[in-house]
>>> print(open('final-v9.txt').read())   # compact mmCIF, N, CA and C atoms and all ligand atoms
# COMPACT_ATOMS: atom_id res chain seq x y z
N MET A 1 291.20 -73.15 40.87
CA MET A 1 289.99 -72.99 41.68
C MET A 1 290.10 -73.81 42.96
N ASP A 2 289.85 -73.16 44.09
CA ASP A 2 289.94 -73.86 45.38
C ASP A 2 288.58 -74.41 45.80
N ILE A 3 288.61 -75.61 46.30
CA ILE A 3 287.39 -76.18 46.88
C ILE A 3 287.27 -75.64 48.31
N LYS A 4 286.19 -74.97 48.59
CA LYS A 4 286.04 -74.35 49.91
C LYS A 4 285.19 -75.18 50.86
N LYS A 5 284.38 -76.06 50.29
CA LYS A 5 283.49 -76.84 51.15
C LYS A 5 283.64 -78.32 50.83
N SER A 6 283.94 -79.13 51.82
CA SER A 6 283.94 -80.58 51.64
C SER A 6 283.74 -81.21 53.00
N ARG A 7 283.57 -82.50 53.00
CA ARG A 7 283.31 -83.21 54.25
C ARG A 7 283.67 -84.67 54.05
N GLN A 8 284.17 -85.30 55.08
CA GLN A 8 284.50 -86.73 54.98
C GLN A 8 283.63 -87.54 55.92
N GLN A 9 283.21 -88.70 55.43
CA GLN A 9 282.45 -89.63 56.27
C GLN A 9 282.85 -91.05 55.91
N LYS A 10 282.83 -91.91 56.91
CA LYS A 10 283.17 -93.31 56.67
C LYS A 10 281.92 -94.10 56.28
N ILE A 11 282.15 -95.16 55.50
CA ILE A 11 281.04 -96.03 55.14
C ILE A 11 280.71 -96.95 56.31
N LYS A 12 279.44 -97.00 56.66
CA LYS A 12 278.98 -97.85 57.77
C LYS A 12 278.73 -99.27 57.30
N ARG A 13 278.00 -99.42 56.20
CA ARG A 13 277.67 -100.75 55.67
C ARG A 13 277.14 -100.65 54.24
N LEU A 14 277.16 -101.78 53.59
CA LEU A 14 276.55 -101.88 52.26
C LEU A 14 275.26 -102.68 52.41
N VAL A 15 274.17 -102.14 51.85
CA VAL A 15 272.87 -102.81 51.94
C VAL A 15 272.43 -103.21 50.54
N TRP A 16 272.12 -104.48 50.36
CA TRP A 16 271.57 -104.96 49.10
C TRP A 16 270.06 -104.82 49.21
N VAL A 17 269.43 -104.15 48.27
CA VAL A 17 268.00 -103.87 48.38
C VAL A 17 267.27 -104.47 47.18
N HIS A 18 266.28 -105.31 47.47
CA HIS A 18 265.46 -105.86 46.40
C HIS A 18 264.26 -104.96 46.17
N ILE A 19 264.10 -104.49 44.96
CA ILE A 19 262.93 -103.67 44.62
C ILE A 19 262.01 -104.53 43.77
N GLU A 20 260.74 -104.57 44.15
CA GLU A 20 259.77 -105.48 43.52
C GLU A 20 259.41 -105.06 42.09
N HIS A 21 259.12 -106.05 41.29
CA HIS A 21 258.55 -105.84 39.95
C HIS A 21 257.29 -104.98 40.10
N GLY A 22 257.23 -103.90 39.34
CA GLY A 22 256.04 -103.03 39.39
C GLY A 22 256.16 -101.86 40.35
N ASP A 23 257.21 -101.86 41.19
CA ASP A 23 257.38 -100.74 42.12
C ASP A 23 257.89 -99.50 41.39
N ASP A 24 257.60 -98.36 41.99
CA ASP A 24 258.15 -97.08 41.53
C ASP A 24 259.57 -96.96 42.10
N LEU A 25 260.56 -96.83 41.23
CA LEU A 25 261.96 -96.88 41.66
C LEU A 25 262.31 -95.83 42.71
N LEU A 26 261.99 -94.57 42.45
CA LEU A 26 262.36 -93.50 43.39
C LEU A 26 261.61 -93.64 44.71
N LYS A 27 260.32 -93.94 44.64
CA LYS A 27 259.53 -94.11 45.87
C LYS A 27 260.07 -95.27 46.70
N ALA A 28 260.48 -96.34 46.02
CA ALA A 28 261.01 -97.51 46.73
C ALA A 28 262.31 -97.17 47.45
N ILE A 29 263.20 -96.46 46.78
CA ILE A 29 264.49 -96.08 47.40
C ILE A 29 264.24 -95.14 48.58
N SER A 30 263.45 -94.10 48.36
CA SER A 30 263.16 -93.14 49.42
C SER A 30 262.47 -93.82 50.60
N GLY A 31 261.48 -94.63 50.29
CA GLY A 31 260.73 -95.33 51.33
C GLY A 31 261.62 -96.24 52.15
N TYR A 32 262.52 -96.95 51.49
CA TYR A 32 263.42 -97.85 52.20
C TYR A 32 264.32 -97.05 53.15
N CYS A 33 264.84 -95.94 52.68
CA CYS A 33 265.74 -95.11 53.50
C CYS A 33 265.00 -94.50 54.69
N ILE A 34 263.79 -94.06 54.48
CA ILE A 34 262.99 -93.49 55.57
C ILE A 34 262.69 -94.58 56.61
N GLU A 35 262.20 -95.74 56.14
CA GLU A 35 261.86 -96.84 57.05
C GLU A 35 263.05 -97.33 57.85
N ASN A 36 264.21 -97.38 57.20
CA ASN A 36 265.41 -97.95 57.84
C ASN A 36 266.36 -96.87 58.38
N LYS A 37 265.86 -95.64 58.42
CA LYS A 37 266.61 -94.51 58.98
C LYS A 37 268.01 -94.37 58.38
N ILE A 38 268.09 -94.58 57.07
CA ILE A 38 269.36 -94.34 56.36
C ILE A 38 269.37 -92.87 55.98
N LYS A 39 270.19 -92.10 56.72
CA LYS A 39 270.15 -90.64 56.58
C LYS A 39 271.25 -90.09 55.68
N ALA A 40 272.27 -90.90 55.44
CA ALA A 40 273.38 -90.46 54.58
C ALA A 40 273.88 -91.66 53.81
N GLY A 41 274.04 -91.51 52.50
CA GLY A 41 274.53 -92.64 51.73
C GLY A 41 274.64 -92.37 50.26
N ILE A 42 275.07 -93.42 49.59
CA ILE A 42 275.21 -93.41 48.13
C ILE A 42 274.36 -94.56 47.62
N VAL A 43 273.63 -94.32 46.56
CA VAL A 43 272.77 -95.37 46.01
C VAL A 43 273.13 -95.64 44.56
N SER A 44 273.09 -96.92 44.19
CA SER A 44 273.39 -97.34 42.82
C SER A 44 272.37 -98.40 42.40
N VAL A 45 271.88 -98.30 41.17
CA VAL A 45 270.90 -99.26 40.67
C VAL A 45 271.22 -99.63 39.22
N ILE A 46 271.12 -100.92 38.92
CA ILE A 46 271.07 -101.35 37.52
C ILE A 46 269.86 -102.27 37.38
N GLY A 47 269.43 -102.52 36.15
CA GLY A 47 268.27 -103.38 35.94
C GLY A 47 267.49 -102.94 34.73
N ALA A 48 266.18 -103.02 34.83
CA ALA A 48 265.32 -102.65 33.69
C ALA A 48 264.03 -102.04 34.21
N LEU A 49 263.49 -101.15 33.39
CA LEU A 49 262.23 -100.47 33.72
C LEU A 49 261.17 -100.80 32.68
N GLN A 50 259.92 -100.77 33.13
CA GLN A 50 258.81 -100.93 32.19
C GLN A 50 258.53 -99.62 31.46
N LYS A 51 258.79 -98.52 32.17
CA LYS A 51 258.74 -97.17 31.56
C LYS A 51 259.57 -96.24 32.42
N ALA A 52 259.99 -95.13 31.84
CA ALA A 52 260.92 -94.25 32.53
C ALA A 52 260.44 -92.79 32.52
N ARG A 53 260.74 -92.10 33.61
CA ARG A 53 260.44 -90.66 33.74
C ARG A 53 261.68 -89.99 34.33
N PHE A 54 262.15 -88.95 33.66
CA PHE A 54 263.29 -88.25 34.22
C PHE A 54 263.21 -86.76 33.91
N GLY A 55 263.85 -86.00 34.77
CA GLY A 55 263.73 -84.55 34.69
C GLY A 55 264.93 -83.91 34.03
N TYR A 56 264.68 -82.74 33.47
CA TYR A 56 265.74 -81.88 32.95
C TYR A 56 265.53 -80.52 33.60
N TYR A 57 266.57 -80.01 34.25
CA TYR A 57 266.46 -78.72 34.93
C TYR A 57 266.89 -77.60 33.99
N ASN A 58 265.93 -76.75 33.64
CA ASN A 58 266.25 -75.59 32.81
C ASN A 58 266.89 -74.53 33.72
N GLN A 59 268.18 -74.31 33.54
CA GLN A 59 268.94 -73.44 34.45
C GLN A 59 268.52 -71.98 34.36
N LYS A 60 268.09 -71.57 33.19
CA LYS A 60 267.66 -70.18 33.00
C LYS A 60 266.32 -69.93 33.70
N GLU A 61 265.40 -70.87 33.50
CA GLU A 61 264.07 -70.72 34.09
C GLU A 61 264.00 -71.21 35.52
N LYS A 62 265.05 -71.95 35.95
CA LYS A 62 265.07 -72.58 37.28
C LYS A 62 263.83 -73.44 37.49
N LYS A 63 263.62 -74.30 36.51
CA LYS A 63 262.41 -75.11 36.53
C LYS A 63 262.69 -76.47 35.90
N TYR A 64 262.11 -77.53 36.47
CA TYR A 64 262.27 -78.87 35.92
C TYR A 64 261.25 -79.14 34.81
N TYR A 65 261.72 -79.81 33.78
CA TYR A 65 260.83 -80.34 32.75
C TYR A 65 260.98 -81.85 32.79
N GLU A 66 259.93 -82.57 32.38
CA GLU A 66 260.00 -84.03 32.44
C GLU A 66 260.03 -84.64 31.05
N ASN A 67 260.91 -85.64 30.91
CA ASN A 67 260.94 -86.47 29.70
C ASN A 67 260.49 -87.87 30.10
N SER A 68 259.90 -88.57 29.13
CA SER A 68 259.44 -89.91 29.47
C SER A 68 259.65 -90.87 28.30
N LEU A 69 259.81 -92.13 28.63
CA LEU A 69 259.87 -93.21 27.65
C LEU A 69 258.85 -94.24 28.08
N ASN A 70 257.82 -94.41 27.27
CA ASN A 70 256.75 -95.35 27.64
C ASN A 70 256.98 -96.70 26.99
N GLU A 71 258.15 -97.27 27.25
CA GLU A 71 258.53 -98.56 26.67
C GLU A 71 259.55 -99.21 27.60
N PRO A 72 259.74 -100.53 27.48
CA PRO A 72 260.75 -101.20 28.31
C PRO A 72 262.15 -100.69 27.96
N VAL A 73 262.92 -100.37 28.99
CA VAL A 73 264.29 -99.88 28.81
C VAL A 73 265.22 -100.54 29.83
N GLU A 74 266.50 -100.55 29.48
CA GLU A 74 267.53 -101.01 30.42
C GLU A 74 267.97 -99.83 31.28
N ILE A 75 268.23 -100.10 32.55
CA ILE A 75 268.87 -99.08 33.38
C ILE A 75 270.38 -99.24 33.15
N VAL A 76 270.96 -98.32 32.40
CA VAL A 76 272.40 -98.38 32.12
C VAL A 76 273.16 -98.03 33.40
N THR A 77 272.70 -96.96 34.03
CA THR A 77 273.25 -96.61 35.34
C THR A 77 272.26 -95.71 36.07
N CYS A 78 272.25 -95.84 37.36
CA CYS A 78 271.45 -94.95 38.20
C CYS A 78 272.27 -94.76 39.46
N TRP A 79 272.58 -93.53 39.77
CA TRP A 79 273.56 -93.24 40.82
C TRP A 79 273.10 -92.00 41.54
N GLY A 80 273.16 -92.03 42.84
CA GLY A 80 272.69 -90.85 43.58
C GLY A 80 273.11 -90.88 45.02
N ASN A 81 272.50 -90.00 45.80
CA ASN A 81 272.87 -89.89 47.21
C ASN A 81 271.66 -89.71 48.09
N ILE A 82 271.88 -90.02 49.36
CA ILE A 82 270.83 -89.85 50.36
C ILE A 82 271.32 -88.77 51.32
N SER A 83 270.51 -87.74 51.49
CA SER A 83 270.82 -86.72 52.49
C SER A 83 269.49 -86.36 53.15
N ILE A 84 269.47 -85.26 53.87
CA ILE A 84 268.25 -84.90 54.61
C ILE A 84 267.61 -83.66 53.99
N LYS A 85 266.32 -83.78 53.70
CA LYS A 85 265.56 -82.62 53.24
C LYS A 85 264.26 -82.58 54.03
N ASP A 86 263.91 -81.42 54.53
CA ASP A 86 262.70 -81.26 55.35
C ASP A 86 262.67 -82.27 56.50
N GLY A 87 263.83 -82.52 57.08
CA GLY A 87 263.91 -83.36 58.28
C GLY A 87 263.85 -84.86 58.06
N LYS A 88 263.82 -85.29 56.81
CA LYS A 88 263.79 -86.74 56.59
C LYS A 88 264.70 -87.17 55.44
N PRO A 89 265.06 -88.47 55.41
CA PRO A 89 265.94 -88.95 54.34
C PRO A 89 265.35 -88.66 52.96
N PHE A 90 266.22 -88.17 52.08
CA PHE A 90 265.80 -87.75 50.75
C PHE A 90 266.78 -88.32 49.73
N ALA A 91 266.25 -89.03 48.76
CA ALA A 91 267.09 -89.63 47.72
C ALA A 91 267.13 -88.70 46.50
N HIS A 92 268.33 -88.39 46.06
CA HIS A 92 268.50 -87.63 44.82
C HIS A 92 269.37 -88.48 43.91
N ALA A 93 268.82 -88.87 42.76
CA ALA A 93 269.58 -89.74 41.86
C ALA A 93 269.37 -89.31 40.41
N HIS A 94 270.32 -89.69 39.59
CA HIS A 94 270.19 -89.49 38.15
C HIS A 94 270.24 -90.86 37.49
N ILE A 95 269.59 -90.95 36.33
CA ILE A 95 269.46 -92.25 35.68
C ILE A 95 269.73 -92.12 34.19
N SER A 96 270.37 -93.13 33.62
CA SER A 96 270.45 -93.22 32.16
C SER A 96 269.89 -94.59 31.78
N VAL A 97 269.08 -94.57 30.73
CA VAL A 97 268.41 -95.79 30.28
C VAL A 97 268.63 -95.97 28.78
N ALA A 98 268.61 -97.23 28.34
CA ALA A 98 268.81 -97.52 26.92
C ALA A 98 267.56 -98.17 26.34
N ASP A 99 267.18 -97.74 25.14
CA ASP A 99 266.04 -98.36 24.47
C ASP A 99 266.48 -99.59 23.67
N ASN A 100 265.57 -100.17 22.89
CA ASN A 100 265.88 -101.43 22.19
C ASN A 100 266.87 -101.29 21.04
N LYS A 101 267.27 -100.05 20.73
CA LYS A 101 268.30 -99.82 19.72
C LYS A 101 269.63 -99.43 20.37
N GLY A 102 269.61 -99.31 21.69
CA GLY A 102 270.83 -98.91 22.39
C GLY A 102 270.96 -97.40 22.54
N ASN A 103 269.93 -96.68 22.14
CA ASN A 103 269.96 -95.22 22.36
C ASN A 103 269.82 -94.94 23.85
N VAL A 104 270.64 -94.05 24.33
CA VAL A 104 270.63 -93.75 25.77
C VAL A 104 270.02 -92.37 26.03
N PHE A 105 269.14 -92.34 27.02
CA PHE A 105 268.49 -91.11 27.46
C PHE A 105 268.63 -91.05 28.97
N GLY A 106 268.47 -89.88 29.52
CA GLY A 106 268.54 -89.84 30.97
C GLY A 106 268.34 -88.47 31.54
N GLY A 107 268.47 -88.40 32.85
CA GLY A 107 268.31 -87.15 33.57
C GLY A 107 268.09 -87.41 35.04
N HIS A 108 267.45 -86.45 35.66
CA HIS A 108 267.15 -86.49 37.09
C HIS A 108 266.04 -87.54 37.33
N LEU A 109 266.30 -88.48 38.20
CA LEU A 109 265.32 -89.56 38.45
C LEU A 109 264.03 -88.99 39.05
N ASN A 110 262.95 -89.18 38.34
CA ASN A 110 261.63 -88.74 38.81
C ASN A 110 260.81 -89.94 39.25
N GLU A 111 259.75 -89.66 39.98
CA GLU A 111 258.76 -90.71 40.25
C GLU A 111 258.14 -91.10 38.92
N GLY A 112 257.71 -92.35 38.82
CA GLY A 112 257.09 -92.81 37.58
C GLY A 112 257.96 -93.79 36.81
N CYS A 113 259.16 -94.08 37.33
CA CYS A 113 259.98 -95.13 36.73
C CYS A 113 259.53 -96.46 37.32
N ILE A 114 258.88 -97.26 36.50
CA ILE A 114 258.29 -98.51 37.00
C ILE A 114 259.25 -99.67 36.74
N VAL A 115 259.59 -100.34 37.84
CA VAL A 115 260.62 -101.37 37.80
C VAL A 115 260.14 -102.65 37.12
N PHE A 116 260.98 -103.16 36.21
CA PHE A 116 260.80 -104.52 35.70
C PHE A 116 261.62 -105.45 36.59
N ALA A 117 262.88 -105.13 36.75
CA ALA A 117 263.75 -105.81 37.71
C ALA A 117 264.85 -104.84 38.08
N ALA A 118 265.24 -104.82 39.34
CA ALA A 118 266.27 -103.86 39.74
C ALA A 118 267.17 -104.43 40.81
N GLU A 119 268.46 -104.18 40.65
CA GLU A 119 269.45 -104.53 41.66
C GLU A 119 269.97 -103.22 42.22
N CYS A 120 269.65 -103.00 43.47
CA CYS A 120 269.98 -101.73 44.12
C CYS A 120 270.92 -101.98 45.29
N VAL A 121 271.95 -101.18 45.39
CA VAL A 121 272.81 -101.22 46.58
C VAL A 121 272.90 -99.82 47.17
N ILE A 122 272.92 -99.78 48.48
CA ILE A 122 273.06 -98.50 49.18
C ILE A 122 274.28 -98.60 50.10
N PHE A 123 275.20 -97.67 49.94
CA PHE A 123 276.33 -97.54 50.86
C PHE A 123 275.88 -96.56 51.93
N GLU A 124 275.56 -97.08 53.11
CA GLU A 124 275.15 -96.20 54.19
C GLU A 124 276.39 -95.63 54.87
N LEU A 125 276.34 -94.34 55.19
CA LEU A 125 277.48 -93.68 55.82
C LEU A 125 277.28 -93.55 57.33
N LYS A 126 278.40 -93.49 58.04
CA LYS A 126 278.37 -93.28 59.49
C LYS A 126 278.18 -91.80 59.77
N GLY A 127 277.55 -91.52 60.90
CA GLY A 127 277.49 -90.13 61.36
C GLY A 127 276.35 -89.33 60.79
N ASP A 128 276.38 -88.05 61.08
CA ASP A 128 275.32 -87.15 60.65
C ASP A 128 275.37 -86.94 59.14
N SER A 129 274.23 -86.64 58.60
CA SER A 129 274.18 -86.44 57.16
C SER A 129 274.13 -84.95 56.84
N LEU A 130 274.38 -84.65 55.60
CA LEU A 130 274.22 -83.29 55.12
C LEU A 130 272.73 -82.99 54.97
N LYS A 131 272.39 -81.75 55.23
CA LYS A 131 271.00 -81.33 55.04
C LYS A 131 270.94 -80.47 53.77
N ARG A 132 269.78 -80.50 53.15
CA ARG A 132 269.58 -79.67 51.95
C ARG A 132 268.86 -78.39 52.33
N GLU A 133 269.39 -77.29 51.79
CA GLU A 133 268.76 -75.99 52.00
C GLU A 133 268.60 -75.31 50.65
N PHE A 134 267.62 -74.43 50.57
CA PHE A 134 267.37 -73.74 49.31
C PHE A 134 268.55 -72.83 48.95
N ASP A 135 268.97 -72.90 47.71
CA ASP A 135 270.09 -72.11 47.20
C ASP A 135 269.55 -71.09 46.18
N GLU A 136 269.72 -69.81 46.51
CA GLU A 136 269.18 -68.74 45.66
C GLU A 136 269.78 -68.75 44.25
N THR A 137 271.08 -69.01 44.16
CA THR A 137 271.78 -68.93 42.87
C THR A 137 271.22 -69.92 41.86
N THR A 138 270.97 -71.15 42.30
CA THR A 138 270.54 -72.19 41.37
C THR A 138 269.04 -72.45 41.41
N GLY A 139 268.39 -72.05 42.50
CA GLY A 139 266.97 -72.37 42.66
C GLY A 139 266.76 -73.80 43.11
N LEU A 140 267.85 -74.46 43.54
CA LEU A 140 267.77 -75.86 43.94
C LEU A 140 268.01 -76.01 45.44
N PHE A 141 267.60 -77.14 45.99
CA PHE A 141 267.90 -77.46 47.38
C PHE A 141 269.24 -78.20 47.40
N LEU A 142 270.28 -77.50 47.80
CA LEU A 142 271.63 -78.06 47.76
C LEU A 142 272.13 -78.36 49.18
N TRP A 143 273.25 -79.10 49.24
CA TRP A 143 273.82 -79.47 50.53
C TRP A 143 274.28 -78.23 51.30
N ASP A 144 274.00 -78.24 52.58
CA ASP A 144 274.45 -77.18 53.48
C ASP A 144 275.67 -77.70 54.25
N PHE A 145 276.81 -77.10 54.01
CA PHE A 145 278.05 -77.52 54.67
C PHE A 145 278.34 -76.73 55.94
N SER A 146 277.41 -75.86 56.33
CA SER A 146 277.70 -74.97 57.45
C SER A 146 277.66 -75.65 58.82
N GLU A 147 277.01 -76.81 58.92
CA GLU A 147 276.92 -77.47 60.24
C GLU A 147 278.10 -78.37 60.50
ZN ZN A 201 269.01 -84.04 39.93
>>> encode(input="final-v9.txt", output="structure tokens")
Amino acid sequence: MDIKKSRQQKIKRLVWVHIEHGDDLLKAISGYCIENKIKAGIVSVIGALQKARFGYYNQKEKKYYENSLNEPVEIVTCWGNISIKDGKPFAHAHISVADNKGNVFGGHLNEGCIVFAAECVIFELKGDSLKREFDETTGLFLWDFSE
């Protein structure tokens, strides 16, 4: 299988981001990127949440469903990217969390993940970012490589 679409960008800088106790994780990341005009990047978070919300995309129905854990959990990993959607920086990340028995759950990072403590780093990229456009096949807003 040939890869037909790809793009290279250099890393501009690494930003260490403190997210406050009680903040909504996704809103905090998105808000930081919008405020600081970070239009392209990679985001990584570890830490703990007071409660977690994450999505599962039903590919047949082309619709997101939400799962939640209303208990303190560890952020095992949270990894995502920053690109442009509707003309502004947009964070898309996935998260896996562990409960008090070590069971791991996860999915698409939704709003509603309330931070207990979080260590977030953003690798900001140089140059223009990819924009997201609606993709008929998947029903998702995917990267547009045409520009
Ligand atoms: Zn996702």
>>> residues_near_ligand(input="final-v9.txt", ligand="ligand ZN 201 (chain A)", cutoff="8 Å", atoms="all atoms listed in the file", output="ChimeraX atom specification")
/A:55-57,92-95,107-109
>>> residues_around(input="final-v9.txt", residues="segment 12-16 of chain A", least_positions_apart="2", cutoff="8 Å", atoms="all atoms listed in the file", output="MDAnalysis selection string")
chainID A and resid 9:10 18:19 119:127
>>> write_last_selection(input="final-v9.txt", atoms="N, CA and C atoms", output="short mmCIF file (atom, residue, chain, number, x, y, z; two decimals), in the frame of the given file")
data_model
loop_
_atom_site.label_atom_id
_atom_site.label_comp_id
_atom_site.auth_asym_id
_atom_site.auth_seq_id
_atom_site.Cartn_x
_atom_site.Cartn_y
_atom_site.Cartn_z
N GLN A 9 283.21 -88.70 55.43
CA GLN A 9 282.45 -89.63 56.27
C GLN A 9 282.85 -91.05 55.91
N LYS A 10 282.83 -91.91 56.91
CA LYS A 10 283.17 -93.31 56.67
C LYS A 10 281.92 -94.10 56.28
N HIS A 18 266.28 -105.31 47.47
CA HIS A 18 265.46 -105.86 46.40
C HIS A 18 264.26 -104.96 46.17
N ILE A 19 264.10 -104.49 44.96
CA ILE A 19 262.93 -103.67 44.62
C ILE A 19 262.01 -104.53 43.77
N GLU A 119 268.46 -104.18 40.65
CA GLU A 119 269.45 -104.53 41.66
C GLU A 119 269.97 -103.22 42.22
N CYS A 120 269.65 -103.00 43.47
CA CYS A 120 269.98 -101.73 44.12
C CYS A 120 270.92 -101.98 45.29
N VAL A 121 271.95 -101.18 45.39
CA VAL A 121 272.81 -101.22 46.58
C VAL A 121 272.90 -99.82 47.17
N ILE A 122 272.92 -99.78 48.48
CA ILE A 122 273.06 -98.50 49.18
C ILE A 122 274.28 -98.60 50.10
N PHE A 123 275.20 -97.67 49.94
CA PHE A 123 276.33 -97.54 50.86
C PHE A 123 275.88 -96.56 51.93
N GLU A 124 275.56 -97.08 53.11
CA GLU A 124 275.15 -96.20 54.19
C GLU A 124 276.39 -95.63 54.87
N LEU A 125 276.34 -94.34 55.19
CA LEU A 125 277.48 -93.68 55.82
C LEU A 125 277.28 -93.55 57.33
N LYS A 126 278.40 -93.49 58.04
CA LYS A 126 278.37 -93.28 59.49
C LYS A 126 278.18 -91.80 59.77
N GLY A 127 277.55 -91.52 60.90
CA GLY A 127 277.49 -90.13 61.36
C GLY A 127 276.35 -89.33 60.79
#
>>> select_by_dssp(input="final-v9.txt", residues="chain A", states="strand (DSSP E)", output="PyMOL selection string")
chain A and resi 11-19+41-58+63-69+73-85+88-98+104-109+114-125+131-135+140-144
>>> select_by_dssp(input="final-v9.txt", residues="segment 17-133 of chain A", states="alpha helix (DSSP H)", output="list in words")
Leu25, Leu26, Lys27, Ala28, Ile29, Ser30, Gly31, Tyr32, Cys33, Ile34 and Glu35 of chain A
>>> atom_distance(input="final-v9.txt", atom1="atom C of Ala40 of chain A", atom2="atom CA of Val97 of chain A")
24.5 Å
>>> residues_around(input="final-v9.txt", residues="segment 130-144 of chain A", least_positions_apart="3", cutoff="6.5 Å", atoms="all atoms listed in the file", output="list in words")
Lys39, Ala40, Lys62, Ser83, Ile84, Lys85, Asp86 and Glu147 of chain A
>>> residues_near_point(input="final-v9.txt", point="(262.7, -100.4, 37.0)", cutoff="6 Å", atoms="all atoms listed in the file", output="PyMOL selection string")
chain A and resi 25+47-50+113-118
>>> atom_distance(input="final-v9.txt", atom1="atom N of Asp23 of chain A", atom2="atom C of Phe105 of chain A")
19.9 Å
>>> build_atoms(input="final-v9.txt", residues="segment 54-69 of chain A", atoms="N, CA, C and O atoms", output="PDB file, keeping the file's coordinate frame")
ATOM      1  N   PHE A  54     262.150 -88.950  33.660  1.00  0.00           N
ATOM      2  CA  PHE A  54     263.290 -88.250  34.220  1.00  0.00           C
ATOM      3  C   PHE A  54     263.210 -86.760  33.910  1.00  0.00           C
ATOM      4  O   PHE A  54     262.596 -86.342  32.930  1.00  0.00           O
ATOM      5  N   GLY A  55     263.850 -86.000  34.770  1.00  0.00           N
ATOM      6  CA  GLY A  55     263.730 -84.550  34.690  1.00  0.00           C
ATOM      7  C   GLY A  55     264.930 -83.910  34.030  1.00  0.00           C
ATOM      8  O   GLY A  55     266.035 -84.457  34.024  1.00  0.00           O
ATOM      9  N   TYR A  56     264.680 -82.740  33.470  1.00  0.00           N
ATOM     10  CA  TYR A  56     265.740 -81.880  32.950  1.00  0.00           C
ATOM     11  C   TYR A  56     265.530 -80.520  33.600  1.00  0.00           C
ATOM     12  O   TYR A  56     264.441 -79.949  33.509  1.00  0.00           O
ATOM     13  N   TYR A  57     266.570 -80.010  34.250  1.00  0.00           N
ATOM     14  CA  TYR A  57     266.460 -78.720  34.930  1.00  0.00           C
ATOM     15  C   TYR A  57     266.890 -77.600  33.990  1.00  0.00           C
ATOM     16  O   TYR A  57     268.048 -77.544  33.581  1.00  0.00           O
ATOM     17  N   ASN A  58     265.930 -76.750  33.640  1.00  0.00           N
ATOM     18  CA  ASN A  58     266.250 -75.590  32.810  1.00  0.00           C
ATOM     19  C   ASN A  58     266.890 -74.530  33.720  1.00  0.00           C
ATOM     20  O   ASN A  58     266.211 -73.959  34.577  1.00  0.00           O
ATOM     21  N   GLN A  59     268.180 -74.310  33.540  1.00  0.00           N
ATOM     22  CA  GLN A  59     268.940 -73.440  34.450  1.00  0.00           C
ATOM     23  C   GLN A  59     268.520 -71.980  34.360  1.00  0.00           C
ATOM     24  O   GLN A  59     268.597 -71.245  35.335  1.00  0.00           O
ATOM     25  N   LYS A  60     268.090 -71.570  33.190  1.00  0.00           N
ATOM     26  CA  LYS A  60     267.660 -70.180  33.000  1.00  0.00           C
ATOM     27  C   LYS A  60     266.320 -69.930  33.700  1.00  0.00           C
ATOM     28  O   LYS A  60     266.155 -68.961  34.425  1.00  0.00           O
ATOM     29  N   GLU A  61     265.400 -70.870  33.500  1.00  0.00           N
ATOM     30  CA  GLU A  61     264.070 -70.720  34.090  1.00  0.00           C
ATOM     31  C   GLU A  61     264.000 -71.210  35.520  1.00  0.00           C
ATOM     32  O   GLU A  61     263.017 -71.000  36.210  1.00  0.00           O
ATOM     33  N   LYS A  62     265.050 -71.950  35.950  1.00  0.00           N
ATOM     34  CA  LYS A  62     265.070 -72.580  37.280  1.00  0.00           C
ATOM     35  C   LYS A  62     263.830 -73.440  37.490  1.00  0.00           C
ATOM     36  O   LYS A  62     263.114 -73.327  38.480  1.00  0.00           O
ATOM     37  N   LYS A  63     263.620 -74.300  36.510  1.00  0.00           N
ATOM     38  CA  LYS A  63     262.410 -75.110  36.530  1.00  0.00           C
ATOM     39  C   LYS A  63     262.690 -76.470  35.900  1.00  0.00           C
ATOM     40  O   LYS A  63     263.416 -76.551  34.904  1.00  0.00           O
ATOM     41  N   TYR A  64     262.110 -77.530  36.470  1.00  0.00           N
ATOM     42  CA  TYR A  64     262.270 -78.870  35.920  1.00  0.00           C
ATOM     43  C   TYR A  64     261.250 -79.140  34.810  1.00  0.00           C
ATOM     44  O   TYR A  64     260.092 -78.766  34.931  1.00  0.00           O
ATOM     45  N   TYR A  65     261.720 -79.810  33.780  1.00  0.00           N
ATOM     46  CA  TYR A  65     260.830 -80.340  32.750  1.00  0.00           C
ATOM     47  C   TYR A  65     260.980 -81.850  32.790  1.00  0.00           C
ATOM     48  O   TYR A  65     262.015 -82.366  33.210  1.00  0.00           O
ATOM     49  N   GLU A  66     259.930 -82.570  32.380  1.00  0.00           N
ATOM     50  CA  GLU A  66     260.000 -84.030  32.440  1.00  0.00           C
ATOM     51  C   GLU A  66     260.030 -84.640  31.050  1.00  0.00           C
ATOM     52  O   GLU A  66     259.307 -84.227  30.154  1.00  0.00           O
ATOM     53  N   ASN A  67     260.910 -85.640  30.910  1.00  0.00           N
ATOM     54  CA  ASN A  67     260.940 -86.470  29.700  1.00  0.00           C
ATOM     55  C   ASN A  67     260.490 -87.870  30.100  1.00  0.00           C
ATOM     56  O   ASN A  67     260.674 -88.292  31.241  1.00  0.00           O
ATOM     57  N   SER A  68     259.900 -88.570  29.130  1.00  0.00           N
ATOM     58  CA  SER A  68     259.440 -89.910  29.470  1.00  0.00           C
ATOM     59  C   SER A  68     259.650 -90.870  28.300  1.00  0.00           C
ATOM     60  O   SER A  68     259.680 -90.450  27.132  1.00  0.00           O
ATOM     61  N   LEU A  69     259.810 -92.130  28.630  1.00  0.00           N
ATOM     62  CA  LEU A  69     259.870 -93.210  27.650  1.00  0.00           C
ATOM     63  C   LEU A  69     258.850 -94.240  28.080  1.00  0.00           C
ATOM     64  O   LEU A  69     258.980 -94.827  29.161  1.00  0.00           O
TER      65      LEU A  69
END
